Amino acid sequence: MGKKFTLLLLSIILIFGAFLPQKKSIAATSSITISTDTINVRGGPGLSYPLVKVANRGEKYSIVNEQGEWIKIQLSSGKTGWVVNWLVTKENETKTAKASTSAGAKSTIATANTDQLRVRSGPGTSFRIVGFLNKGQDVMVVEQNENWYKISSTFGDGWVARDFLELKTGKQKNKPTGPSTNTASTGVVNGDTLNLRKEPSTTGAVIGKLTRGTTVTIYSKQNNWLEVGFSNLKGWVSAKFIDESTSQSKDTSKKESSDIKGMVTASSLSVRSSSSLNSNIIGSVSKGQRFTILEEYNSWAKIEFKTGSFGWVASWYLDKSTAQTNTGQAVKKNTVTILHNGTNIRKAPNVQSDVAQLADEGDTFSVKSIANDWYEITLKNGKSGWVAGWIVSINGAKQQIEKSGAEGYLKNKTIVLDPGHGGGDNGTTGASGTLEKDLTLRTALLLYDKLRAAGANVYLTRNNDSYLSLPLRVNTAVAYRADAFISLHYDSNVDRSVRGMTGYYYHSFQQSLAETLYASMVGQTKLKNRGVRLGDFHVIRENSQKAVLMELGYLSNPEEELTLNSGQFQENAASGLFDGLARYFKKN
């Protein structure tokens with residue numbers, strides 16, 4: 001009897017077990033990789049569970065299942081543990097992202113629609129110029145945001161304002177990012193024997209050898225490597241063993257000038273492999289030495305610095321003299337061209353000086369001298385004035401002045417950007433239906449690109465329309481030991497006439513960051529200044545890092561909502577935050 005009862009009970013258990021709800025399980029083939037230096041693996045899906053072990057960056061684990069913001073992973077010896085999902089990378093997500101990027105890169109070609117289009121090291125006018133594009137020149141678009149394209153061209157990667165590039169339609173198959181029909185980029189081997197490698201690395205397989213004097217076609221540049229072609233071979237060589245030369249059919253900034261000599265005015269002047277500060281130093285010349293200028297390109301001069309060796313030097317360190325020719329003409333005078341309408345021409349070389357007159361885009365003036373970052377120019381009435389060098393372009397041999405970049409102050413800083421709301425939490429809704437969660441993400445993504453280009457370590461609490469709890473946003477800042485945490489928001493008020501920008505901090509050690517960022521943003525966006533004040537918000541109150549919350553304007557005000565939605569405002573807001581961070585880290 002007992003045996004029969006036991007069999008009956010077992011049968012009932014098996015039948016009911018088949019209909020019980022099962023926990024969501026993920027195939028063992030899915031895995032995660034630890035994406036931070038160290039991460040705590042816990043006994044359950046929560047911070048209150050005991051610590052099982054500490055995992056290190058780069059370690060991989062199979063996924064058992066997921067619960068909310070926690071992932072259960074398979075450890076050694078049959079044990080399991082739990083990790084938070086924002087500090088790991090899923091293998092399948094990584095593969096999908098790479099595939100998407102690759103597909104986009106193959107199909108997106110753009111053409112410059114203006115001459116002398118500036119290519120910058122990052123997505124913003126505060127980044128240094130790394131090269132120029134001519135009208136009609138094709139480039140590969142590798143990344144984009146709403147205001148800037150990141151491109152790959154003959155001189156490497158850079159960023160261009162979207163307004164000056166036109167995307168081509170249709171698929172482009174295996175098109176190299178080499179010179180366009182208007183630009184022929186070549187180089188000459190300056191080493192005895194040069195290895196041609198399959199990859200841009202000294203560990204890349206050698207696929208051929210080039211001898212001194214061999215002329216090669218240059219397709220692209222990556223760090224200190226050039227992708228070149230010779231005969232039926234195509235591969236990578238070290239840039240320091242190639243003397244580059246570029247001929248452009250419509251480039252008026254470059255000219256053959258064998259009748260011009262230059263005397264070095266610097267105590268020691270570096271000679272580089274190409275006409276760029278990013279190129280390798282291949283020699284040096286001393287003050288008082290004189291050389292025949294073989295070519296000029298922008299603000300660079302090509303010289304034969306020793307017998308059989310050619311290189312480029314900054315031409316503003318050469319005192320030029322011209323031999324008499326049949327035309328009797330001397331070297332062309334230096335002029336500047338105004339880049340923006342309403343540019344201030346001042347009476348002295350500083351922004352505190354009185355304005356002598358206003359100038360508009362396209363106006364040109366002769367240059368008399370340079371003082372710090374300012375050009376002294378001759379005005380139409382014959383008097384002198386001063387213009388900031390970073391808001392004009394220079395034609396001639398004088399140095400192109402660039403506004404001091406922020407890269408030095410932001411490089412290697414860890415910054416966490418927190419786009420407010422997301423997922424089921426829309427935040428405020430604007431007068432015309434704008435969702436705060438969408439606008440905060442737009443601003444964060446623009447700022448992310450700028451900071452990353454400057455060398456900062458940047459993390460987003462969310463990079464899509466997903467919900468994230470307030471404690472998890474704070475934990476992200478703590479986990480990455482953020483040097484700055486910025487929570488981005490847009491405001492609302494029942495009074496639709498209220499407008500302007502407000503900054504918040506909670507702890508006294510956060511106040512300086514809030515005030516610096518806020519001042520820079522107001523200066524860039526020109527929104528009404530509502531000031532910086534103490535705010536009792538979870539993401540800054542519970543944050544042990546230097547954290548601020550910025551309300552970037554009122555969506556409840558119909559007129560201001562239109563402004564906040566514009567690409568120009570978004571660019572100015574991101575630039576203001578970028579410059580503010582640079583100023584803050586410069587002081588601290």
# chains A, B, ... in the order shown; residues from 1 in each chain; ligands from 1
>>> residues_around(residues="Ala112 of chain A", least_positions_apart="6", cutoff="7 Å", atoms="only C-alpha atoms", output="ChimeraX atom specification")
/A:133-138,164-166
>>> residues_around(residues="segment 522-526 of chain A", least_positions_apart="5", cutoff="12 Å", atoms="only C-alpha atoms", output="count of residues only")
32
>>> closest_residue(among="A:Gly424, A:Gly122, A:Gly308, A:Pro419", to="Asn145 of chain A", atoms="only C-alpha atoms")
A:Gly122
>>> residues_around(residues="segment 267-273 of chain A", least_positions_apart="4", cutoff="10 Å", atoms="only C-alpha atoms", output="PyMOL selection string")
chain A and resi 187+190+239-245+277-288+300-305+310-314+317-318
>>> write_last_selection(atoms="C-alpha atoms", output="short mmCIF file (atom, residue, chain, number, x, y, z; two decimals), in the first residue's frame")
data_model
loop_
_atom_site.label_atom_id
_atom_site.label_comp_id
_atom_site.auth_asym_id
_atom_site.auth_seq_id
_atom_site.Cartn_x
_atom_site.Cartn_y
_atom_site.Cartn_z
CA GLY A 187 55.05 59.75 -51.22
CA ASN A 190 63.35 57.73 -47.68
CA ALA A 239 55.02 57.12 -41.88
CA LYS A 240 58.49 58.31 -40.82
CA PHE A 241 60.03 56.53 -43.81
CA ILE A 242 57.81 58.27 -46.37
CA ASP A 243 58.26 61.84 -47.65
CA GLU A 244 54.73 62.94 -48.51
CA SER A 245 53.80 65.33 -51.29
CA LEU A 277 52.10 68.82 -36.54
CA ASN A 278 50.90 65.23 -36.25
CA SER A 279 53.60 63.92 -38.60
CA ASN A 280 56.92 62.45 -37.47
CA ILE A 281 60.01 64.56 -36.77
CA ILE A 282 62.76 63.47 -39.18
CA GLY A 283 65.38 66.13 -38.44
CA SER A 284 66.01 69.67 -37.23
CA VAL A 285 67.54 72.92 -38.48
CA SER A 286 69.06 75.85 -36.59
CA LYS A 287 68.66 79.60 -36.43
CA GLY A 288 70.34 81.44 -39.29
CA TRP A 300 54.19 74.78 -44.17
CA ALA A 301 57.28 74.88 -46.40
CA LYS A 302 59.12 71.95 -47.94
CA ILE A 303 62.92 72.17 -47.87
CA GLU A 304 65.96 70.01 -48.55
CA PHE A 305 67.34 70.10 -45.02
CA PHE A 310 63.47 66.50 -47.78
CA GLY A 311 60.97 67.54 -45.13
CA TRP A 312 58.47 70.15 -44.01
CA VAL A 313 58.92 73.03 -41.55
CA ALA A 314 56.49 75.58 -40.13
CA TYR A 317 59.60 80.41 -38.54
CA LEU A 318 61.20 81.29 -41.88
#
>>> select_by_dssp(residues="segment 289-536 of chain A", states="strand (DSSP E or B)", output="ChimeraX atom specification")
/A:290-292,295-297,300-306,309-314,318-322,335-338,343-346,355-359,364-371,374-378,384-388,392-395,414-419,422,425,429,435,457-460,484-491,501-505,529-534
>>> residues_around(residues="segment 364-379 of chain A", least_positions_apart="3", cutoff="6 Å", atoms="only C-alpha atoms", output="VMD selection string")
chain A and resid 334 to 337 349 382 to 389
>>> closest_residue(among="A:Lys221, A:Arg541, A:Lys198, A:Lys546", to="Phe509 of chain A", atoms="only C-alpha atoms")
A:Lys546
>>> decode(residues="segment 509-552 of chain A", atoms="N, CA and C atoms", output="PDB file, in the first residue's frame")
ATOM      1  N   PHE A 509      31.260  70.519  -1.858  1.00  0.00           N
ATOM      2  CA  PHE A 509      32.363  70.169  -2.763  1.00  0.00           C
ATOM      3  C   PHE A 509      31.903  70.072  -4.222  1.00  0.00           C
ATOM      4  N   GLN A 510      30.591  70.153  -4.463  1.00  0.00           N
ATOM      5  CA  GLN A 510      30.058  70.120  -5.826  1.00  0.00           C
ATOM      6  C   GLN A 510      29.811  71.522  -6.389  1.00  0.00           C
ATOM      7  N   GLN A 511      29.875  72.529  -5.537  1.00  0.00           N
ATOM      8  CA  GLN A 511      29.459  73.880  -5.926  1.00  0.00           C
ATOM      9  C   GLN A 511      30.330  74.479  -7.029  1.00  0.00           C
ATOM     10  N   SER A 512      31.633  74.313  -6.921  1.00  0.00           N
ATOM     11  CA  SER A 512      32.536  74.904  -7.918  1.00  0.00           C
ATOM     12  C   SER A 512      32.275  74.337  -9.303  1.00  0.00           C
ATOM     13  N   LEU A 513      32.067  73.023  -9.386  1.00  0.00           N
ATOM     14  CA  LEU A 513      31.773  72.397 -10.677  1.00  0.00           C
ATOM     15  C   LEU A 513      30.476  72.956 -11.244  1.00  0.00           C
ATOM     16  N   ALA A 514      29.441  73.055 -10.415  1.00  0.00           N
ATOM     17  CA  ALA A 514      28.150  73.557 -10.881  1.00  0.00           C
ATOM     18  C   ALA A 514      28.270  74.984 -11.397  1.00  0.00           C
ATOM     19  N   GLU A 515      28.967  75.841 -10.672  1.00  0.00           N
ATOM     20  CA  GLU A 515      29.080  77.245 -11.073  1.00  0.00           C
ATOM     21  C   GLU A 515      29.891  77.406 -12.360  1.00  0.00           C
ATOM     22  N   THR A 516      30.959  76.616 -12.505  1.00  0.00           N
ATOM     23  CA  THR A 516      31.792  76.719 -13.711  1.00  0.00           C
ATOM     24  C   THR A 516      31.034  76.238 -14.942  1.00  0.00           C
ATOM     25  N   LEU A 517      30.372  75.086 -14.827  1.00  0.00           N
ATOM     26  CA  LEU A 517      29.600  74.568 -15.960  1.00  0.00           C
ATOM     27  C   LEU A 517      28.467  75.518 -16.326  1.00  0.00           C
ATOM     28  N   TYR A 518      27.795  76.015 -15.326  1.00  0.00           N
ATOM     29  CA  TYR A 518      26.637  76.872 -15.572  1.00  0.00           C
ATOM     30  C   TYR A 518      27.039  78.169 -16.284  1.00  0.00           C
ATOM     31  N   ALA A 519      28.106  78.806 -15.818  1.00  0.00           N
ATOM     32  CA  ALA A 519      28.554  80.056 -16.435  1.00  0.00           C
ATOM     33  C   ALA A 519      28.904  79.844 -17.901  1.00  0.00           C
ATOM     34  N   SER A 520      29.562  78.732 -18.199  1.00  0.00           N
ATOM     35  CA  SER A 520      29.936  78.449 -19.580  1.00  0.00           C
ATOM     36  C   SER A 520      28.706  78.187 -20.443  1.00  0.00           C
ATOM     37  N   MET A 521      27.728  77.454 -19.910  1.00  0.00           N
ATOM     38  CA  MET A 521      26.513  77.154 -20.679  1.00  0.00           C
ATOM     39  C   MET A 521      25.697  78.405 -20.977  1.00  0.00           C
ATOM     40  N   VAL A 522      25.530  79.254 -19.978  1.00  0.00           N
ATOM     41  CA  VAL A 522      24.769  80.487 -20.191  1.00  0.00           C
ATOM     42  C   VAL A 522      25.463  81.358 -21.233  1.00  0.00           C
ATOM     43  N   GLY A 523      26.796  81.420 -21.163  1.00  0.00           N
ATOM     44  CA  GLY A 523      27.541  82.206 -22.137  1.00  0.00           C
ATOM     45  C   GLY A 523      27.380  81.693 -23.554  1.00  0.00           C
ATOM     46  N   GLN A 524      27.275  80.375 -23.723  1.00  0.00           N
ATOM     47  CA  GLN A 524      27.152  79.785 -25.055  1.00  0.00           C
ATOM     48  C   GLN A 524      25.724  79.860 -25.591  1.00  0.00           C
ATOM     49  N   THR A 525      24.743  79.582 -24.737  1.00  0.00           N
ATOM     50  CA  THR A 525      23.360  79.466 -25.214  1.00  0.00           C
ATOM     51  C   THR A 525      22.603  80.784 -25.193  1.00  0.00           C
ATOM     52  N   LYS A 526      23.055  81.748 -24.355  1.00  0.00           N
ATOM     53  CA  LYS A 526      22.400  83.051 -24.205  1.00  0.00           C
ATOM     54  C   LYS A 526      20.998  82.935 -23.605  1.00  0.00           C
ATOM     55  N   LEU A 527      20.683  81.812 -22.943  1.00  0.00           N
ATOM     56  CA  LEU A 527      19.401  81.693 -22.267  1.00  0.00           C
ATOM     57  C   LEU A 527      19.391  82.550 -21.005  1.00  0.00           C
ATOM     58  N   LYS A 528      18.202  82.823 -20.502  1.00  0.00           N
ATOM     59  CA  LYS A 528      18.061  83.630 -19.290  1.00  0.00           C
ATOM     60  C   LYS A 528      18.796  82.958 -18.143  1.00  0.00           C
ATOM     61  N   ASN A 529      19.544  83.742 -17.388  1.00  0.00           N
ATOM     62  CA  ASN A 529      20.346  83.252 -16.273  1.00  0.00           C
ATOM     63  C   ASN A 529      19.495  83.204 -15.012  1.00  0.00           C
ATOM     64  N   ARG A 530      19.135  81.999 -14.565  1.00  0.00           N
ATOM     65  CA  ARG A 530      18.348  81.832 -13.342  1.00  0.00           C
ATOM     66  C   ARG A 530      19.231  81.459 -12.148  1.00  0.00           C
ATOM     67  N   GLY A 531      20.536  81.315 -12.394  1.00  0.00           N
ATOM     68  CA  GLY A 531      21.474  81.126 -11.303  1.00  0.00           C
ATOM     69  C   GLY A 531      21.724  79.687 -10.906  1.00  0.00           C
ATOM     70  N   VAL A 532      22.685  79.525  -9.993  1.00  0.00           N
ATOM     71  CA  VAL A 532      23.063  78.218  -9.452  1.00  0.00           C
ATOM     72  C   VAL A 532      22.637  78.170  -8.001  1.00  0.00           C
ATOM     73  N   ARG A 533      22.020  77.081  -7.594  1.00  0.00           N
ATOM     74  CA  ARG A 533      21.483  77.007  -6.229  1.00  0.00           C
ATOM     75  C   ARG A 533      21.575  75.577  -5.690  1.00  0.00           C
ATOM     76  N   LEU A 534      21.318  75.436  -4.400  1.00  0.00           N
ATOM     77  CA  LEU A 534      21.305  74.129  -3.760  1.00  0.00           C
ATOM     78  C   LEU A 534      20.031  73.405  -4.163  1.00  0.00           C
ATOM     79  N   GLY A 535      20.145  72.141  -4.563  1.00  0.00           N
ATOM     80  CA  GLY A 535      18.981  71.367  -4.967  1.00  0.00           C
ATOM     81  C   GLY A 535      18.968  70.007  -4.297  1.00  0.00           C
ATOM     82  N   ASP A 536      17.832  69.628  -3.718  1.00  0.00           N
ATOM     83  CA  ASP A 536      17.718  68.361  -2.999  1.00  0.00           C
ATOM     84  C   ASP A 536      17.258  67.260  -3.958  1.00  0.00           C
ATOM     85  N   PHE A 537      18.167  66.870  -4.877  1.00  0.00           N
ATOM     86  CA  PHE A 537      17.873  65.824  -5.859  1.00  0.00           C
ATOM     87  C   PHE A 537      18.701  64.581  -5.540  1.00  0.00           C
ATOM     88  N   HIS A 538      18.104  63.415  -5.681  1.00  0.00           N
ATOM     89  CA  HIS A 538      18.748  62.168  -5.286  1.00  0.00           C
ATOM     90  C   HIS A 538      20.106  61.983  -5.951  1.00  0.00           C
ATOM     91  N   VAL A 539      20.207  62.247  -7.262  1.00  0.00           N
ATOM     92  CA  VAL A 539      21.441  61.934  -7.996  1.00  0.00           C
ATOM     93  C   VAL A 539      22.621  62.799  -7.576  1.00  0.00           C
ATOM     94  N   ILE A 540      22.355  63.935  -6.927  1.00  0.00           N
ATOM     95  CA  ILE A 540      23.481  64.726  -6.413  1.00  0.00           C
ATOM     96  C   ILE A 540      23.579  64.629  -4.886  1.00  0.00           C
ATOM     97  N   ARG A 541      22.417  64.460  -4.214  1.00  0.00           N
ATOM     98  CA  ARG A 541      22.427  64.347  -2.741  1.00  0.00           C
ATOM     99  C   ARG A 541      23.111  63.071  -2.285  1.00  0.00           C
ATOM    100  N   GLU A 542      22.843  61.945  -2.975  1.00  0.00           N
ATOM    101  CA  GLU A 542      23.390  60.652  -2.570  1.00  0.00           C
ATOM    102  C   GLU A 542      24.707  60.331  -3.271  1.00  0.00           C
ATOM    103  N   ASN A 543      25.258  61.288  -3.942  1.00  0.00           N
ATOM    104  CA  ASN A 543      26.452  61.052  -4.759  1.00  0.00           C
ATOM    105  C   ASN A 543      27.703  61.501  -4.023  1.00  0.00           C
ATOM    106  N   SER A 544      28.664  60.585  -3.867  1.00  0.00           N
ATOM    107  CA  SER A 544      29.929  60.930  -3.208  1.00  0.00           C
ATOM    108  C   SER A 544      30.914  61.582  -4.174  1.00  0.00           C
ATOM    109  N   GLN A 545      30.582  61.583  -5.463  1.00  0.00           N
ATOM    110  CA  GLN A 545      31.447  62.198  -6.469  1.00  0.00           C
ATOM    111  C   GLN A 545      31.030  63.658  -6.682  1.00  0.00           C
ATOM    112  N   LYS A 546      31.839  64.387  -7.436  1.00  0.00           N
ATOM    113  CA  LYS A 546      31.485  65.765  -7.780  1.00  0.00           C
ATOM    114  C   LYS A 546      30.387  65.711  -8.831  1.00  0.00           C
ATOM    115  N   ALA A 547      29.166  65.986  -8.388  1.00  0.00           N
ATOM    116  CA  ALA A 547      27.989  65.782  -9.224  1.00  0.00           C
ATOM    117  C   ALA A 547      27.140  67.042  -9.269  1.00  0.00           C
ATOM    118  N   VAL A 548      26.553  67.301 -10.442  1.00  0.00           N
ATOM    119  CA  VAL A 548      25.689  68.469 -10.617  1.00  0.00           C
ATOM    120  C   VAL A 548      24.457  68.055 -11.424  1.00  0.00           C
ATOM    121  N   LEU A 549      23.403  68.842 -11.288  1.00  0.00           N
ATOM    122  CA  LEU A 549      22.195  68.644 -12.096  1.00  0.00           C
ATOM    123  C   LEU A 549      21.901  69.951 -12.805  1.00  0.00           C
ATOM    124  N   MET A 550      21.729  69.875 -14.133  1.00  0.00           N
ATOM    125  CA  MET A 550      21.514  71.068 -14.935  1.00  0.00           C
ATOM    126  C   MET A 550      20.133  71.032 -15.589  1.00  0.00           C
ATOM    127  N   GLU A 551      19.331  72.058 -15.317  1.00  0.00           N
ATOM    128  CA  GLU A 551      18.054  72.247 -16.007  1.00  0.00           C
ATOM    129  C   GLU A 551      18.319  73.216 -17.159  1.00  0.00           C
ATOM    130  N   LEU A 552      18.218  72.708 -18.395  1.00  0.00           N
ATOM    131  CA  LEU A 552      18.723  73.442 -19.555  1.00  0.00           C
ATOM    132  C   LEU A 552      17.685  74.337 -20.242  1.00  0.00           C
TER     133      LEU A 552
END
